[in-house]
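The block underneath contains the structure these notes are about, expressed in structure tokens.
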Amino acid sequence: MTSMTGYAYREKNTETAAVSVEIKSVNSRFLDLTVNLPPYLNPLEQRFRERVSEKVVRGKVDVNIRVKNLKGCEHVSVDLEAAKSYAEALANISLATGLLLPDSVKAQTLLPLILQQPGVLQVEQSYDADEYWKLIEPLFNDALAGFTADRKREGENLCRDLTEKLTKLDEAAAFFSEWQPKMEETFKNMILSKFKELLGNQVDEQRVMTETAAMLVKYTINEEVVRLHSHLAALRAEMTGNPAPGKKIDFLCQEINREINTIGSKNMFPEVSAMVVTAKDSLENIREQAKNVE
């Protein structure tokens, strides 16, 4: 059994970059996966998605990958023709206005102005996605392993708690089975007592049996107890045999709740009512915990 909540964080510094990987998840009905990458690494997104999807069935999972380049990836080129054109234009303006600058000042004043003009300097950034993949993949795999282990550890805790609550439900089902014949015998005695009050010792045994049968049709819990045992057995099988039983647990809890409610509605005995309350409390705990199960 695996929990839908988990967390892992890894970071690594190399000579060329500082990389961090964070993976976290919370509850969700389905797999809701978000991968946050620097824009230049978007070609790698599908690779990360596939790795996570292999490990996670349900949950809202956020993967955050941050890269800080320690060495520049920029390539700077100069458009000399554009620079010459700007220089000629500035020289013509200087002549036209009579604002002539000494040669010693021209370089200090005009060169920075020319460099600021659009198109003179062109900066191109080059990113090799495959090289970044080689850098990030080992760190990501380590983070994913830690994330998976964290979910499994929490899942083991959930399994222990669910098993404890399921044992209480088994005890309740056994109690209902034990009380079923007592309830039927009580109904028969109640009807027999009423007939004796009205007819004395001239009681028609066949009439008593008919009335008892009619009452049992309305109040017997035999079918509910049988189905309850069946649902509990299926629930235990899911918890022990299904690696991702969350959805099935929720469905079975609905069926179990229906049987317990029916038993409670047919009941006329305080002992059974008390056990119905205990069973519903244990079942509600299972339903709440199942929301965390993958």
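In the structure tokens, each chain is lettered A, B, ... as it comes, each chain's residues begin at 1, and ligands are numbered from 1 in order of appearance.
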
Closest pair table for segment 48-97 of chain A residues within 12 Å of segment 2-15 of chain A, only C-alpha atoms, as CSV:
residue,atom,partner,partner_atom,distance
A:Lys55,CA,A:Thr2,CA,10.6
A:Val56,CA,A:Met4,CA,8.5
A:Val57,CA,A:Met4,CA,8.9
A:Arg58,CA,A:Met4,CA,6.7
A:Gly59,CA,A:Met4,CA,5.3
A:Lys60,CA,A:Met4,CA,8.1
A:Val61,CA,A:Thr5,CA,8.8
A:Asp62,CA,A:Tyr7,CA,9.7
A:Val63,CA,A:Ala8,CA,9.8
A:Asn64,CA,A:Tyr9,CA,9.4
A:Ile65,CA,A:Glu11,CA,9.6
A:Arg66,CA,A:Glu11,CA,9.2
A:Val67,CA,A:Asn13,CA,9.8
A:Lys68,CA,A:Asn13,CA,9.3
A:Asn69,CA,A:Glu15,CA,9.2
A:Leu70,CA,A:Glu15,CA,7.0
A:Lys71,CA,A:Glu15,CA,7.9
A:Gly72,CA,A:Glu15,CA,11.6

(request) Pick out the residues sitting within 12 Å of segment 154-156 of chain A, and hand them over as JSON, numbers by chain; count only C-alpha atoms, and ignore anything fewer than 2 positions along from it in its own chain. (result) {"A": [1, 2, 3, 4, 5, 6, 7, 147, 148, 149, 150, 151, 152, 158, 159, 160, 161, 162, 163, 239, 240, 243, 244, 245, 246, 289, 290, 291, 292, 293, 294]}

Would you write out those residues with N, CA and C atoms, as a tab-separated table (two decimals), in the first residue's frame?
chain	number	residue	atom	x	y	z
A	1	MET	N	0.85	-1.19	0.00
A	1	MET	CA	0.00	0.00	0.00
A	1	MET	C	0.89	1.25	0.00
A	2	THR	N	0.48	2.23	-0.79
A	2	THR	CA	1.27	3.45	-0.94
A	2	THR	C	0.41	4.67	-0.65
A	3	SER	N	0.98	5.62	0.05
A	3	SER	CA	0.28	6.88	0.31
A	3	SER	C	0.36	7.78	-0.92
A	4	MET	N	-0.61	8.68	-1.05
A	4	MET	CA	-0.57	9.64	-2.15
A	4	MET	C	0.24	10.88	-1.78
A	5	THR	N	0.64	11.01	-0.53
A	5	THR	CA	1.44	12.16	-0.12
A	5	THR	C	2.91	11.74	0.02
A	6	GLY	N	3.79	12.59	-0.48
A	6	GLY	CA	5.22	12.30	-0.39
A	6	GLY	C	6.02	13.54	-0.74
A	7	TYR	N	7.31	13.48	-0.40
A	7	TYR	CA	8.18	14.63	-0.67
A	7	TYR	C	9.63	14.16	-0.78
A	147	PHE	N	11.35	10.01	-3.15
A	147	PHE	CA	9.92	10.34	-3.15
A	147	PHE	C	9.08	9.07	-3.05
A	148	THR	N	9.44	8.06	-3.83
A	148	THR	CA	8.71	6.79	-3.80
A	148	THR	C	8.83	6.12	-2.44
A	149	ALA	N	10.03	6.14	-1.86
A	149	ALA	CA	10.24	5.54	-0.55
A	149	ALA	C	9.43	6.25	0.52
A	150	ASP	N	9.33	7.58	0.41
A	150	ASP	CA	8.55	8.35	1.39
A	150	ASP	C	7.08	7.99	1.30
A	151	ARG	N	6.57	7.81	0.10
A	151	ARG	CA	5.16	7.42	-0.07
A	151	ARG	C	4.90	6.01	0.45
A	152	LYS	N	5.85	5.13	0.23
A	152	LYS	CA	5.68	3.76	0.73
A	152	LYS	C	5.75	3.71	2.26
A	158	LEU	N	-0.37	3.81	7.02
A	158	LEU	CA	-1.80	3.78	6.71
A	158	LEU	C	-2.33	2.35	6.76
A	159	CYS	N	-1.54	1.42	6.23
A	159	CYS	CA	-1.97	0.02	6.19
A	159	CYS	C	-2.18	-0.52	7.60
A	160	ARG	N	-1.27	-0.20	8.51
A	160	ARG	CA	-1.42	-0.66	9.88
A	160	ARG	C	-2.70	-0.11	10.51
A	161	ASP	N	-2.95	1.17	10.29
A	161	ASP	CA	-4.14	1.79	10.86
A	161	ASP	C	-5.41	1.20	10.25
A	162	LEU	N	-5.42	1.03	8.92
A	162	LEU	CA	-6.59	0.47	8.26
A	162	LEU	C	-6.85	-0.97	8.71
A	163	THR	N	-5.79	-1.74	8.88
A	163	THR	CA	-5.93	-3.12	9.32
A	163	THR	C	-6.54	-3.19	10.73
A	239	MET	N	-6.68	-4.70	0.32
A	239	MET	CA	-5.62	-4.06	1.09
A	239	MET	C	-4.33	-4.85	1.06
A	240	THR	N	-4.43	-6.16	0.98
A	240	THR	CA	-3.23	-6.99	1.01
A	240	THR	C	-2.71	-7.35	-0.38
A	243	PRO	N	-1.76	-3.29	-5.16
A	243	PRO	CA	-0.77	-2.25	-4.85
A	243	PRO	C	-1.36	-0.84	-4.86
A	244	ALA	N	-2.50	-0.66	-5.51
A	244	ALA	CA	-3.15	0.66	-5.55
A	244	ALA	C	-4.64	0.49	-5.29
A	245	PRO	N	-5.02	0.20	-4.03
A	245	PRO	CA	-6.41	-0.16	-3.74
A	245	PRO	C	-7.32	1.01	-3.39
A	246	GLY	N	-6.84	2.24	-3.46
A	246	GLY	CA	-7.58	3.38	-2.94
A	246	GLY	C	-9.01	3.48	-3.45
A	289	GLN	N	-9.13	7.59	5.89
A	289	GLN	CA	-7.75	7.21	5.60
A	289	GLN	C	-7.58	6.76	4.15
A	290	ALA	N	-8.64	6.16	3.60
A	290	ALA	CA	-8.55	5.67	2.22
A	290	ALA	C	-8.36	6.81	1.23
A	291	LYS	N	-8.74	8.03	1.61
A	291	LYS	CA	-8.54	9.18	0.73
A	291	LYS	C	-7.06	9.47	0.53
A	292	ASN	N	-6.20	8.93	1.42
A	292	ASN	CA	-4.76	9.13	1.30
A	292	ASN	C	-4.06	7.98	0.59
A	293	VAL	N	-4.82	6.94	0.26
A	293	VAL	CA	-4.22	5.72	-0.31
A	293	VAL	C	-4.24	5.81	-1.83
A	294	GLU	N	-3.12	5.46	-2.44
A	294	GLU	CA	-3.03	5.48	-3.91
A	294	GLU	C	-3.97	4.45	-4.52

Quick check for you: according to DSSP on this backbone, which residues of segment 33-186 of chain A are classed as alpha helix (DSSP H)? Reply as an MDAnalysis selection string.
chainID A and resid 45:55 80:97 103:115 129:186

Atom pair atom CA of Pro270 of chain A + atom CA of Ala233 of chain A, distance 26.8 Å

With distances taken over only C-alpha atoms, the candidate from A:Leu283, A:Val226, A:Leu41, A:Ile221 nearest Asp250 of chain A is A:Leu283

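Minimum distance to Ala279 of chain A across A:Glu255, A:Lys247, A:Leu169, A:Asn222 (counting only C-alpha atoms) occurs at A:Leu169.
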